[in-house]
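Source file: work27.cif; contents: mmCIF, C-alpha atoms.
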```cif
data_entry
loop_
_atom_site.label_atom_id
_atom_site.label_comp_id
_atom_site.auth_asym_id
_atom_site.auth_seq_id
_atom_site.Cartn_x
_atom_site.Cartn_y
_atom_site.Cartn_z
CA MET E 1324 41.78 128.17 67.08
CA LYS E 1325 40.75 124.69 68.14
CA HIS E 1326 38.97 126.00 71.24
CA LYS E 1327 37.28 128.73 69.22
CA GLY E 1328 35.96 126.07 66.84
CA ILE E 1329 34.58 124.02 69.73
CA ILE E 1330 32.98 127.09 71.26
CA LEU E 1331 31.45 128.07 67.93
CA LEU E 1332 30.12 124.54 67.35
CA SER E 1333 28.69 124.39 70.88
CA THR E 1334 27.02 127.76 70.40
CA ILE E 1335 25.47 126.61 67.14
CA MET E 1336 24.26 123.36 68.73
CA VAL E 1337 22.74 125.22 71.68
CA PHE E 1338 21.03 127.63 69.28
CA VAL E 1339 19.67 124.78 67.15
CA LEU E 1340 18.47 122.90 70.23
CA ALA E 1341 16.84 126.02 71.69
CA THR E 1342 15.17 126.79 68.36
CA THR E 1343 13.92 123.22 68.03
CA LEU E 1344 12.56 123.20 71.58
CA SER E 1345 10.86 126.54 71.00
CA PHE E 1346 9.40 125.27 67.76
CA VAL E 1347 8.11 122.11 69.46
CA TRP E 1348 6.74 124.14 72.37
CA LEU E 1349 4.93 126.52 70.06
CA LEU E 1350 3.45 123.79 67.83
CA LYS E 1351 0.99 122.41 70.34
CA ILE E 1352 -2.78 122.31 70.36
CA ARG E 1353 -3.55 125.39 72.45
CA HIS E 1354 -6.87 126.62 71.09
CA VAL E 1355 -9.99 124.59 70.42
CA GLU E 1356 -13.05 125.91 68.56
CA ILE E 1357 -16.16 123.80 69.09
CA SER E 1358 -19.35 124.31 67.10
CA VAL E 1359 -22.40 122.45 68.43
CA VAL E 1360 -25.83 121.85 66.93
CA ALA E 1361 -28.27 120.58 69.54
CA GLU E 1362 -31.55 121.29 71.25
CA ALA E 1363 -31.32 124.55 73.19
CA THR E 1364 -31.54 122.70 76.50
CA GLU E 1365 -28.71 120.33 75.51
CA GLU E 1366 -26.30 122.69 73.77
CA ILE E 1367 -24.23 123.64 76.82
CA ASP E 1368 -23.97 120.05 78.10
CA THR E 1369 -22.94 118.82 74.65
CA TYR E 1370 -20.29 121.57 74.36
CA GLN E 1371 -18.88 120.72 77.78
CA LYS E 1372 -18.82 117.02 76.98
CA VAL E 1373 -16.82 117.58 73.78
CA SER E 1374 -14.54 120.10 75.48
CA SER E 1375 -13.72 117.73 78.33
CA ILE E 1376 -12.82 114.92 75.90
CA ILE E 1377 -10.54 117.22 73.91
CA ASP E 1378 -8.90 118.71 77.01
CA ALA E 1379 -8.19 115.26 78.45
CA ASN E 1380 -6.82 113.71 75.26
CA TYR E 1381 -5.50 116.35 72.85
CA LYS E 1382 -5.03 119.82 74.29
CA GLY E 1383 -1.33 120.54 74.77
CA LYS E 1384 -0.32 117.66 72.50
CA SER E 1385 1.99 118.09 69.50
CA PHE E 1386 0.19 119.68 66.55
CA PHE E 1387 1.67 117.12 64.16
CA GLY E 1388 1.04 114.25 66.54
CA VAL E 1389 -2.72 114.83 66.65
CA LYS E 1390 -4.59 113.11 63.81
CA GLU E 1391 -8.05 114.26 62.78
CA GLY E 1392 -9.22 110.66 62.37
CA ASP E 1393 -8.16 109.82 65.92
CA VAL E 1394 -10.13 112.78 67.27
CA ILE E 1395 -13.22 111.71 65.32
CA ALA E 1396 -12.89 108.14 66.60
CA LYS E 1397 -12.49 109.31 70.19
CA LEU E 1398 -15.52 111.63 70.09
CA SER E 1399 -17.60 109.02 68.26
CA GLN E 1400 -17.25 106.64 71.19
CA ASP E 1401 -20.21 108.59 72.54
CA PRO E 1402 -23.05 107.45 70.22
CA TYR E 1403 -24.94 110.71 70.79
CA LEU E 1404 -22.13 112.75 69.18
CA ASN E 1405 -22.44 113.06 65.41
CA VAL E 1406 -19.01 114.39 64.43
CA LYS E 1407 -19.39 116.46 61.28
CA SER E 1408 -15.75 117.51 60.93
CA VAL E 1409 -12.44 117.89 62.74
CA THR E 1410 -9.83 120.25 61.26
CA LYS E 1411 -6.35 121.23 62.40
CA VAL E 1412 -5.41 124.86 61.76
CA PHE E 1413 -1.68 125.58 61.78
CA PRO E 1414 0.04 126.20 64.09
CA ASP E 1415 -1.97 125.49 67.26
CA ARG E 1416 -5.70 125.27 66.65
CA LEU E 1417 -8.30 122.52 66.47
CA LYS E 1418 -11.76 123.17 64.98
CA ILE E 1419 -14.56 120.71 65.75
CA ASP E 1420 -18.10 120.62 64.38
CA VAL E 1421 -20.54 118.26 66.10
CA ALA E 1422 -24.28 117.66 66.35
CA LYS E 1423 -26.17 115.99 69.17
CA ARG E 1424 -28.16 113.03 67.93
CA LYS E 1425 -31.81 113.10 69.00
CA GLU E 1426 -33.75 110.01 70.02
CA ARG E 1427 -36.40 109.32 67.37
CA PHE E 1428 -37.15 105.58 67.17
CA ALA E 1429 -37.39 102.69 69.61
CA ILE E 1430 -37.06 99.29 67.96
CA LEU E 1431 -38.75 96.62 70.08
CA TYR E 1432 -37.04 93.25 69.72
CA ASN E 1433 -37.01 90.36 72.19
CA GLU E 1434 -38.61 92.54 74.89
CA GLU E 1435 -35.82 95.13 74.68
CA TYR E 1436 -35.97 98.61 73.18
CA PHE E 1437 -33.14 99.73 70.91
CA VAL E 1438 -33.30 103.52 70.75
CA THR E 1439 -31.96 105.22 67.61
CA ASP E 1440 -31.80 108.65 66.02
CA SER E 1441 -33.53 109.54 62.74
CA GLU E 1442 -30.76 107.78 60.77
CA TYR E 1443 -31.08 104.63 62.91
CA TYR E 1444 -27.77 105.02 64.74
CA LEU E 1445 -28.14 103.01 67.94
CA LEU E 1446 -27.95 105.35 70.94
CA LYS E 1447 -28.95 103.14 73.87
CA LYS E 1448 -30.82 100.02 74.95
CA VAL E 1449 -33.58 100.03 77.59
CA PRO E 1450 -35.78 97.24 78.95
CA GLU E 1451 -38.98 99.21 79.57
CA SER E 1452 -41.15 101.50 77.46
CA SER E 1453 -41.47 103.78 80.50
CA GLN E 1454 -37.81 104.69 79.96
CA LEU E 1455 -38.53 106.10 76.49
CA GLU E 1456 -38.86 109.81 75.87
CA GLU E 1457 -42.24 111.19 74.88
CA GLY E 1458 -42.79 111.28 71.12
CA ILE E 1459 -40.52 108.34 70.29
CA ILE E 1460 -41.88 106.27 67.39
CA GLN E 1461 -41.99 102.58 68.27
CA ILE E 1462 -40.99 100.01 65.65
CA THR E 1463 -42.03 96.48 66.61
CA LEU E 1464 -40.23 93.54 65.01
CA LYS E 1465 -42.32 90.36 64.81
CA GLU E 1466 -40.95 87.01 63.63
CA ILE E 1467 -37.67 88.70 62.73
CA SER E 1468 -34.41 87.00 63.64
CA LEU E 1469 -31.60 89.40 64.52
CA ASN E 1470 -28.16 88.72 65.90
CA VAL E 1471 -28.25 91.03 68.92
CA SER E 1472 -24.44 91.11 69.03
CA THR E 1473 -24.55 93.08 65.75
CA LEU E 1474 -26.64 95.82 67.37
CA VAL E 1475 -23.73 97.98 68.49
CA LEU E 1476 -23.97 101.42 70.07
CA GLY E 1477 -23.04 104.12 67.57
CA GLN E 1478 -23.68 101.91 64.55
CA LYS E 1479 -26.66 101.88 62.19
CA ILE E 1480 -29.49 99.38 62.32
CA GLY E 1481 -30.82 98.46 58.89
CA ALA E 1482 -30.38 96.19 55.90
CA GLU E 1483 -27.15 94.70 57.24
CA ASN E 1484 -29.12 93.35 60.20
CA ASP E 1485 -32.22 92.27 58.28
CA ALA E 1486 -33.46 92.94 54.72
CA LEU E 1487 -37.05 93.75 55.72
CA VAL E 1488 -35.85 96.12 58.46
CA GLY E 1489 -33.68 97.79 55.83
CA TYR E 1490 -36.65 98.30 53.51
CA MET E 1491 -38.60 99.80 56.41
CA THR E 1492 -35.88 102.39 57.06
CA GLU E 1493 -35.74 103.26 53.35
CA ILE E 1494 -39.49 103.75 53.09
CA PHE E 1495 -39.67 105.89 56.23
CA ALA E 1496 -36.86 108.09 54.90
CA LYS E 1497 -38.81 108.65 51.68
CA PHE E 1498 -41.92 109.98 53.44
CA SER E 1499 -41.87 113.77 53.16
CA ASP E 1500 -42.62 114.16 56.87
CA GLY E 1501 -42.65 110.68 58.36
CA LEU E 1502 -42.14 111.83 61.95
CA ASN E 1503 -45.49 113.67 61.84
CA LEU E 1504 -47.26 111.16 59.61
CA ILE E 1505 -46.50 107.86 61.36
CA GLU E 1506 -47.63 106.81 64.84
CA ASN E 1507 -45.80 103.46 64.98
CA VAL E 1508 -44.50 100.69 62.73
CA THR E 1509 -44.72 96.88 62.73
CA VAL E 1510 -42.34 94.73 60.69
CA MET E 1511 -43.76 91.22 60.18
CA GLY E 1512 -41.06 88.80 59.11
CA VAL E 1513 -42.97 85.65 58.14
CA LYS E 1514 -45.59 87.50 56.08
CA ASN E 1515 -43.03 90.00 54.75
CA TRP E 1516 -45.33 92.91 55.60
CA ILE E 1517 -44.42 96.35 56.89
CA ARG E 1518 -47.26 98.25 58.52
CA PHE E 1519 -47.03 102.01 59.03
CA ASN E 1520 -49.82 103.03 61.39
CA THR E 1521 -50.58 106.66 60.62
CA LYS E 1522 -51.59 109.24 63.21
CA THR E 1523 -54.91 109.70 61.43
CA GLY E 1524 -55.77 105.99 61.76
CA VAL E 1525 -55.43 104.38 58.34
CA VAL E 1526 -52.69 101.75 58.00
CA ILE E 1527 -50.20 101.97 55.13
CA GLU E 1528 -49.09 98.42 54.49
CA PHE E 1529 -46.30 97.37 52.14
CA SER E 1530 -46.33 93.69 51.19
CA PHE E 1531 -42.96 92.30 50.12
CA ALA E 1532 -44.35 88.87 49.35
CA PRO E 1533 -43.19 87.82 45.85
CA SER E 1534 -45.67 88.34 43.01
CA SER E 1535 -45.33 84.77 41.76
CA ALA E 1536 -47.13 82.09 43.76
CA VAL E 1537 -44.39 79.60 42.88
CA ALA E 1538 -41.50 81.92 43.78
CA THR E 1539 -39.02 80.55 46.29
CA GLY E 1540 -36.31 82.18 48.33
CA GLY E 1541 -38.46 84.83 50.01
CA ILE E 1542 -38.36 88.50 49.03
CA ASN E 1543 -37.60 89.34 45.41
CA PRO E 1544 -34.97 92.13 45.62
CA ASN E 1545 -36.02 93.74 42.32
CA GLU E 1546 -39.68 93.82 43.31
CA ALA E 1547 -38.74 95.09 46.77
CA SER E 1548 -36.72 97.98 45.35
CA ALA E 1549 -39.63 98.89 43.06
CA LEU E 1550 -41.99 98.93 46.05
CA VAL E 1551 -39.69 101.22 48.02
CA GLU E 1552 -39.48 103.61 45.06
CA LYS E 1553 -43.28 103.92 45.10
CA THR E 1554 -43.25 105.59 48.54
CA SER E 1555 -43.82 109.13 47.24
CA GLU E 1556 -46.70 107.92 45.09
CA VAL E 1557 -48.16 106.07 48.08
CA GLU E 1558 -47.99 109.26 50.13
CA ASN E 1559 -49.77 111.15 47.34
CA VAL E 1560 -52.55 108.56 47.38
CA TYR E 1561 -52.80 108.92 51.17
CA ASN E 1562 -53.09 112.69 50.83
CA SER E 1563 -55.88 112.24 48.26
CA LEU E 1564 -58.01 110.19 50.67
CA THR E 1565 -61.02 111.81 52.29
CA GLU E 1566 -60.84 112.62 56.00
CA THR E 1567 -63.09 109.61 56.67
CA GLN E 1568 -60.86 107.28 54.64
CA LYS E 1569 -57.77 108.53 56.47
CA ARG E 1570 -59.27 107.47 59.79
CA SER E 1571 -59.67 103.75 59.07
CA GLY E 1572 -58.90 100.88 56.75
CA TYR E 1573 -55.72 100.00 54.91
CA LEU E 1574 -53.72 101.52 52.10
CA LEU E 1575 -52.24 98.39 50.55
CA VAL E 1576 -49.08 98.44 48.45
CA TYR E 1577 -48.13 95.18 46.77
CA THR E 1578 -46.87 93.58 43.56
CA LYS E 1579 -49.48 91.90 41.38
CA ALA E 1580 -48.93 88.64 39.52
CA THR E 1581 -48.41 90.81 36.42
CA GLU E 1582 -45.49 92.45 38.31
CA GLU E 1583 -47.37 95.76 38.39
CA ILE E 1584 -47.47 97.57 41.72
CA ALA E 1585 -50.93 98.17 43.17
CA ILE E 1586 -51.81 100.94 45.62
CA GLU E 1587 -55.35 100.60 46.88
CA HIS E 1588 -57.45 101.62 49.86
CA VAL E 1589 -59.64 98.93 51.46
CA ILE E 1590 -61.83 98.94 54.57
CA GLU E 1591 -60.97 95.42 55.71
CA HIS E 1592 -57.90 93.32 55.20
CA ALA E 1593 -57.44 89.58 55.77
CA GLU E 1594 -54.57 88.74 58.13
#
```

Turn this file's structure into structure tokens for me.
Amino acid sequence: MKHKGIILLSTIMVFVLATTLSFVWLLKIRHVEISVVAEATEEIDTYQKVSSIIDANYKGKSFFGVKEGDVIAKLSQDPYLNVKSVTKVFPDRLKIDVAKRKERFAILYNEEYFVTDSEYYLLKKVPESSQLEEGIIQITLKEISLNVSTLVLGQKIGAENDALVGYMTEIFAKFSDGLNLIENVTVMGVKNWIRFNTKTGVVIEFSFAPSSAVATGGINPNEASALVEKTSEVENVYNSLTETQKRSGYLLVYTKATEEIAIEHVIEHAE
């Protein structure tokens, strides 16, 4: 009876071990579904890039050991990959949805170009304008002081780097079709001006100088926010200009001493 008990216990243990090993073997990432949104010429390369990262780091790994957040972090090490979602599907599947970020802006600062997508995520840094793709909108920063160490690949450039740069990104985002309206941008730190040079020729200039002549401390945040919120109205005024007016002069946006916001078209503008 004693031997029978040992044999029975051993059989049960072997069965449990075999079942556990089978369970562990089955619960591995075996199938990966990758959905890619990219330019037609870049779709295959983007798919292969994501697939190779997943194959090297997660395929064949324990289903429960793979964390969605870790996958997102790994893929996001490539600044061009905008990871929309990562989902585990029991018992052995990983679904990934990504988009390829497209180069839209080149921010010129200290003779270096910081190339970003439309949301100002930093994609790369290049020293020469000849290395920029055709159609990139250049944003020149004058008399702006940035800590270059904060300009990190894969992270946004904006208000956290400089307030005036942040206002520029907000205004551009509020244009209904800024990519087709604007030729280039200049951010002027000392004067607190942002100049949007349109493709038709007229310059849309936002002045963030405080309305009060005795104001200290630079930009007034409340007035600045009000100026940004006028962007749609500014665009409407631009659209109402004659074809001749659209080709030259300035469309000035500024806060009066009465704290009212003025939007006016002038032929000449004192620097």

**Study point:** Within-10 Å shell of (-22.4, 100.2, 68.7) in input frame, only C-alpha atoms, as a VMD selection string
**Key:** chain E and resid 1400 to 1402 1444 to 1447 1472 to 1480

Practice item. Run through the PyMOL selection byres ((chain E and resi 1425) around 6) on the given coordinates and return the selected residues as an MDAnalysis selection string. Key: chainID E and resid 1424 1426 1440

Review point. Distance atom CA of Glu1506 of chain E-atom CA of Lys1522 of chain E, one decimal place?
Key: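 The value is 4.9 Å.
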
Could you list, as a PDB file with C-alpha atoms, in the coordinates of the input, every residue within 12 Å of Asn1559 of chain E, counting all atoms listed in the file and ignoring same-chain residues fewer than 3 positions away?
```
ATOM      1  CA  PHE E1498     -41.920 109.980  53.440  1.00  0.00           C
ATOM      2  CA  SER E1499     -41.870 113.770  53.160  1.00  0.00           C
ATOM      3  CA  LYS E1553     -43.280 103.920  45.100  1.00  0.00           C
ATOM      4  CA  THR E1554     -43.250 105.590  48.540  1.00  0.00           C
ATOM      5  CA  SER E1555     -43.820 109.130  47.240  1.00  0.00           C
ATOM      6  CA  GLU E1556     -46.700 107.920  45.090  1.00  0.00           C
ATOM      7  CA  ASN E1562     -53.090 112.690  50.830  1.00  0.00           C
ATOM      8  CA  SER E1563     -55.880 112.240  48.260  1.00  0.00           C
ATOM      9  CA  LEU E1564     -58.010 110.190  50.670  1.00  0.00           C
ATOM     10  CA  LEU E1574     -53.720 101.520  52.100  1.00  0.00           C
ATOM     11  CA  ILE E1586     -51.810 100.940  45.620  1.00  0.00           C
ATOM     12  CA  GLU E1587     -55.350 100.600  46.880  1.00  0.00           C
TER      13      GLU E1587
END
```

Exercise for review: Please write as a ChimeraX atom specification the full residue list that the PyMOL selection byres ((chain E and resi 1484-1497) around 9) yields on this file.
Suggested key: /E:1441-1443,1464,1467-1470,1473-1474,1480-1483,1498-1502,1505,1508,1510-1512,1515-1517,1519,1531,1542,1547-1548,1550-1555

Writer output for current selection, C-alpha atoms, as a compact mmCIF listing (two decimals), keeping the file's coordinate frame:
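Output file result_8.txt is given in full below:
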```
# COMPACT_ATOMS: atom_id res chain seq x y z
CA SER E 1441 -33.53 109.54 62.74
CA GLU E 1442 -30.76 107.78 60.77
CA TYR E 1443 -31.08 104.63 62.91
CA LEU E 1464 -40.23 93.54 65.01
CA ILE E 1467 -37.67 88.70 62.73
CA SER E 1468 -34.41 87.00 63.64
CA LEU E 1469 -31.60 89.40 64.52
CA ASN E 1470 -28.16 88.72 65.90
CA THR E 1473 -24.55 93.08 65.75
CA LEU E 1474 -26.64 95.82 67.37
CA ILE E 1480 -29.49 99.38 62.32
CA GLY E 1481 -30.82 98.46 58.89
CA ALA E 1482 -30.38 96.19 55.90
CA GLU E 1483 -27.15 94.70 57.24
CA PHE E 1498 -41.92 109.98 53.44
CA SER E 1499 -41.87 113.77 53.16
CA ASP E 1500 -42.62 114.16 56.87
CA GLY E 1501 -42.65 110.68 58.36
CA LEU E 1502 -42.14 111.83 61.95
CA ILE E 1505 -46.50 107.86 61.36
CA VAL E 1508 -44.50 100.69 62.73
CA VAL E 1510 -42.34 94.73 60.69
CA MET E 1511 -43.76 91.22 60.18
CA GLY E 1512 -41.06 88.80 59.11
CA ASN E 1515 -43.03 90.00 54.75
CA TRP E 1516 -45.33 92.91 55.60
CA ILE E 1517 -44.42 96.35 56.89
CA PHE E 1519 -47.03 102.01 59.03
CA PHE E 1531 -42.96 92.30 50.12
CA ILE E 1542 -38.36 88.50 49.03
CA ALA E 1547 -38.74 95.09 46.77
CA SER E 1548 -36.72 97.98 45.35
CA LEU E 1550 -41.99 98.93 46.05
CA VAL E 1551 -39.69 101.22 48.02
CA GLU E 1552 -39.48 103.61 45.06
CA LYS E 1553 -43.28 103.92 45.10
CA THR E 1554 -43.25 105.59 48.54
CA SER E 1555 -43.82 109.13 47.24
```

Point to revise | Contacts of segment 1417-1419 of chain E at 9 Å (only C-alpha atoms; same-chain gap of 4+ positions) as a list in words | key: Ile1352, Arg1353, His1354, Val1355, Glu1356, Ile1357, Ser1358, Val1359, Val1373, Lys1382, Phe1386, Val1406, Lys1407, Ser1408, Val1409, Thr1410, Lys1411, Val1412 and Phe1413 of chain E

Revision key, fill the gap. As a check of understanding: the span from atom CA of Gly1524 of chain E to atom CA of Ile1462 of chain E is 16.4 Å

Exercise for review: Would you work out the distance separating atom CA of Gly1541 of chain E from atom CA of Thr1578 of chain E, expressed in Å to one decimal?
Suggested key: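 Result for atom CA of Gly1541 of chain E versus atom CA of Thr1578 of chain E: 13.7 Å, one decimal.
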
**Study point:** Close residues, Tyr1573 of chain E itself excluded, 10 Å, all atoms listed in the file, min 3 positions apart in chain, as a ChimeraX atom specification
**Key:** /E:1518-1520,1524-1528,1568-1570,1576,1587-1592

**Study point:** Reference answer for the PyMOL selection byres ((chain E and resi 1459) around 7), as a VMD selection string
**Key:** chain E and resid 1426 to 1429 1455 to 1458 1460 to 1461

**Study point:** Distance criterion (only C-alpha atoms): nearest to Val1421 of chain E out of E:Thr1463, E:Ser1534, E:Ser1453, E:Ser1374
**Key:**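 Residue with the minimum atom-to-atom distance to Val1421 of chain E: E:Ser1374.
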
Point to revise | Among listed residues E:Glu1594, E:Leu1404, E:Thr1581, E:Glu1546, nearest Lys1514 of chain E (using all atoms listed in the file) | key: E:Glu1594

Exercise for review: Considering only C-alpha atoms, state which residue in the set E:Lys1423, E:Lys1579, E:Arg1416, E:Lys1372 is at the smallest distance from Ala1532 of chain E.
Suggested key: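 Smallest separation from Ala1532 of chain E among the options: E:Lys1579.
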
Just segment 1511-1521 of chain E from the block, all heavy atoms, as a PDB file, in the first residue's frame, could you?
```pdb
ATOM      1  N   MET E1511      10.462  86.125 -32.049  1.00  0.00           N
ATOM      2  CA  MET E1511      11.405  87.167 -31.644  1.00  0.00           C
ATOM      3  C   MET E1511      11.284  87.419 -30.144  1.00  0.00           C
ATOM      4  O   MET E1511      10.330  88.048 -29.680  1.00  0.00           O
ATOM      5  CB  MET E1511      11.137  88.437 -32.453  1.00  0.00           C
ATOM      6  CG  MET E1511      11.086  88.165 -33.961  1.00  0.00           C
ATOM      7  SD  MET E1511      10.577  89.571 -34.973  1.00  0.00           S
ATOM      8  CE  MET E1511      12.051  90.563 -34.909  1.00  0.00           C
ATOM      9  N   GLY E1512      12.256  86.901 -29.403  1.00  0.00           N
ATOM     10  CA  GLY E1512      12.169  86.867 -27.951  1.00  0.00           C
ATOM     11  C   GLY E1512      12.176  88.210 -27.251  1.00  0.00           C
ATOM     12  O   GLY E1512      11.362  88.450 -26.359  1.00  0.00           O
ATOM     13  N   VAL E1513      13.074  89.121 -27.623  1.00  0.00           N
ATOM     14  CA  VAL E1513      13.175  90.399 -26.931  1.00  0.00           C
ATOM     15  C   VAL E1513      11.925  91.250 -27.153  1.00  0.00           C
ATOM     16  O   VAL E1513      11.380  91.850 -26.218  1.00  0.00           O
ATOM     17  CB  VAL E1513      14.446  91.161 -27.375  1.00  0.00           C
ATOM     18  CG1 VAL E1513      14.438  92.581 -26.803  1.00  0.00           C
ATOM     19  CG2 VAL E1513      15.692  90.420 -26.914  1.00  0.00           C
ATOM     20  N   LYS E1514      11.438  91.287 -28.401  1.00  0.00           N
ATOM     21  CA  LYS E1514      10.250  92.077 -28.718  1.00  0.00           C
ATOM     22  C   LYS E1514       8.953  91.355 -28.376  1.00  0.00           C
ATOM     23  O   LYS E1514       7.879  91.966 -28.369  1.00  0.00           O
ATOM     24  CB  LYS E1514      10.260  92.431 -30.211  1.00  0.00           C
ATOM     25  CG  LYS E1514      11.411  93.344 -30.603  1.00  0.00           C
ATOM     26  CD  LYS E1514      11.391  93.648 -32.092  1.00  0.00           C
ATOM     27  CE  LYS E1514      12.536  94.567 -32.466  1.00  0.00           C
ATOM     28  NZ  LYS E1514      12.577  94.855 -33.922  1.00  0.00           N
ATOM     29  N   ASN E1515       9.051  90.067 -28.112  1.00  0.00           N
ATOM     30  CA  ASN E1515       7.855  89.249 -27.836  1.00  0.00           C
ATOM     31  C   ASN E1515       6.878  89.263 -29.011  1.00  0.00           C
ATOM     32  O   ASN E1515       5.668  89.394 -28.838  1.00  0.00           O
ATOM     33  CB  ASN E1515       7.152  89.710 -26.546  1.00  0.00           C
ATOM     34  CG  ASN E1515       7.956  89.349 -25.316  1.00  0.00           C
ATOM     35  OD1 ASN E1515       8.619  88.318 -25.274  1.00  0.00           O
ATOM     36  ND2 ASN E1515       7.915  90.205 -24.301  1.00  0.00           N
ATOM     37  N   TRP E1516       7.446  89.134 -30.219  1.00  0.00           N
ATOM     38  CA  TRP E1516       6.645  89.058 -31.436  1.00  0.00           C
ATOM     39  C   TRP E1516       6.730  87.654 -32.028  1.00  0.00           C
ATOM     40  O   TRP E1516       7.761  86.993 -31.943  1.00  0.00           O
ATOM     41  CB  TRP E1516       7.152  90.033 -32.506  1.00  0.00           C
ATOM     42  CG  TRP E1516       6.947  91.484 -32.209  1.00  0.00           C
ATOM     43  CD1 TRP E1516       6.206  92.032 -31.212  1.00  0.00           C
ATOM     44  CD2 TRP E1516       7.522  92.576 -32.935  1.00  0.00           C
ATOM     45  NE1 TRP E1516       6.270  93.397 -31.259  1.00  0.00           N
ATOM     46  CE2 TRP E1516       7.076  93.773 -32.317  1.00  0.00           C
ATOM     47  CE3 TRP E1516       8.348  92.675 -34.039  1.00  0.00           C
ATOM     48  CZ2 TRP E1516       7.446  95.030 -32.770  1.00  0.00           C
ATOM     49  CZ3 TRP E1516       8.714  93.941 -34.492  1.00  0.00           C
ATOM     50  CH2 TRP E1516       8.266  95.095 -33.861  1.00  0.00           C
ATOM     51  N   ILE E1517       5.652  87.233 -32.642  1.00  0.00           N
ATOM     52  CA  ILE E1517       5.661  86.004 -33.437  1.00  0.00           C
ATOM     53  C   ILE E1517       5.158  86.363 -34.823  1.00  0.00           C
ATOM     54  O   ILE E1517       4.033  86.839 -34.979  1.00  0.00           O
ATOM     55  CB  ILE E1517       4.769  84.905 -32.828  1.00  0.00           C
ATOM     56  CG1 ILE E1517       5.209  84.580 -31.402  1.00  0.00           C
ATOM     57  CG2 ILE E1517       4.824  83.643 -33.693  1.00  0.00           C
ATOM     58  CD1 ILE E1517       4.295  83.594 -30.694  1.00  0.00           C
ATOM     59  N   ARG E1518       5.995  86.148 -35.825  1.00  0.00           N
ATOM     60  CA  ARG E1518       5.645  86.489 -37.196  1.00  0.00           C
ATOM     61  C   ARG E1518       5.385  85.230 -38.021  1.00  0.00           C
ATOM     62  O   ARG E1518       6.265  84.384 -38.165  1.00  0.00           O
ATOM     63  CB  ARG E1518       6.761  87.308 -37.844  1.00  0.00           C
ATOM     64  CG  ARG E1518       6.767  88.748 -37.400  1.00  0.00           C
ATOM     65  CD  ARG E1518       7.873  89.533 -38.074  1.00  0.00           C
ATOM     66  NE  ARG E1518       7.724  90.966 -37.814  1.00  0.00           N
ATOM     67  CZ  ARG E1518       8.639  91.872 -38.130  1.00  0.00           C
ATOM     68  NH1 ARG E1518       9.747  91.505 -38.736  1.00  0.00           N
ATOM     69  NH2 ARG E1518       8.434  93.144 -37.853  1.00  0.00           N
ATOM     70  N   PHE E1519       4.180  85.148 -38.552  1.00  0.00           N
ATOM     71  CA  PHE E1519       3.809  84.057 -39.457  1.00  0.00           C
ATOM     72  C   PHE E1519       3.817  84.626 -40.874  1.00  0.00           C
ATOM     73  O   PHE E1519       2.937  85.408 -41.243  1.00  0.00           O
ATOM     74  CB  PHE E1519       2.423  83.520 -39.109  1.00  0.00           C
ATOM     75  CG  PHE E1519       2.341  82.881 -37.746  1.00  0.00           C
ATOM     76  CD1 PHE E1519       1.992  83.632 -36.626  1.00  0.00           C
ATOM     77  CD2 PHE E1519       2.617  81.528 -37.576  1.00  0.00           C
ATOM     78  CE1 PHE E1519       1.910  83.046 -35.367  1.00  0.00           C
ATOM     79  CE2 PHE E1519       2.541  80.926 -36.316  1.00  0.00           C
ATOM     80  CZ  PHE E1519       2.184  81.696 -35.215  1.00  0.00           C
ATOM     81  N   ASN E1520       4.815  84.274 -41.650  1.00  0.00           N
ATOM     82  CA  ASN E1520       4.904  84.733 -43.028  1.00  0.00           C
ATOM     83  C   ASN E1520       4.047  83.828 -43.893  1.00  0.00           C
ATOM     84  O   ASN E1520       4.329  82.630 -44.025  1.00  0.00           O
ATOM     85  CB  ASN E1520       6.357  84.709 -43.504  1.00  0.00           C
ATOM     86  CG  ASN E1520       7.224  85.671 -42.714  1.00  0.00           C
ATOM     87  OD1 ASN E1520       7.149  86.878 -42.899  1.00  0.00           O
ATOM     88  ND2 ASN E1520       8.034  85.131 -41.815  1.00  0.00           N
ATOM     89  N   THR E1521       2.995  84.383 -44.465  1.00  0.00           N
ATOM     90  CA  THR E1521       2.069  83.563 -45.245  1.00  0.00           C
ATOM     91  C   THR E1521       2.631  83.298 -46.644  1.00  0.00           C
ATOM     92  O   THR E1521       3.526  84.007 -47.129  1.00  0.00           O
ATOM     93  CB  THR E1521       0.700  84.250 -45.379  1.00  0.00           C
ATOM     94  OG1 THR E1521       0.839  85.398 -46.218  1.00  0.00           O
ATOM     95  CG2 THR E1521       0.149  84.658 -44.026  1.00  0.00           C
TER      96      THR E1521
END
```
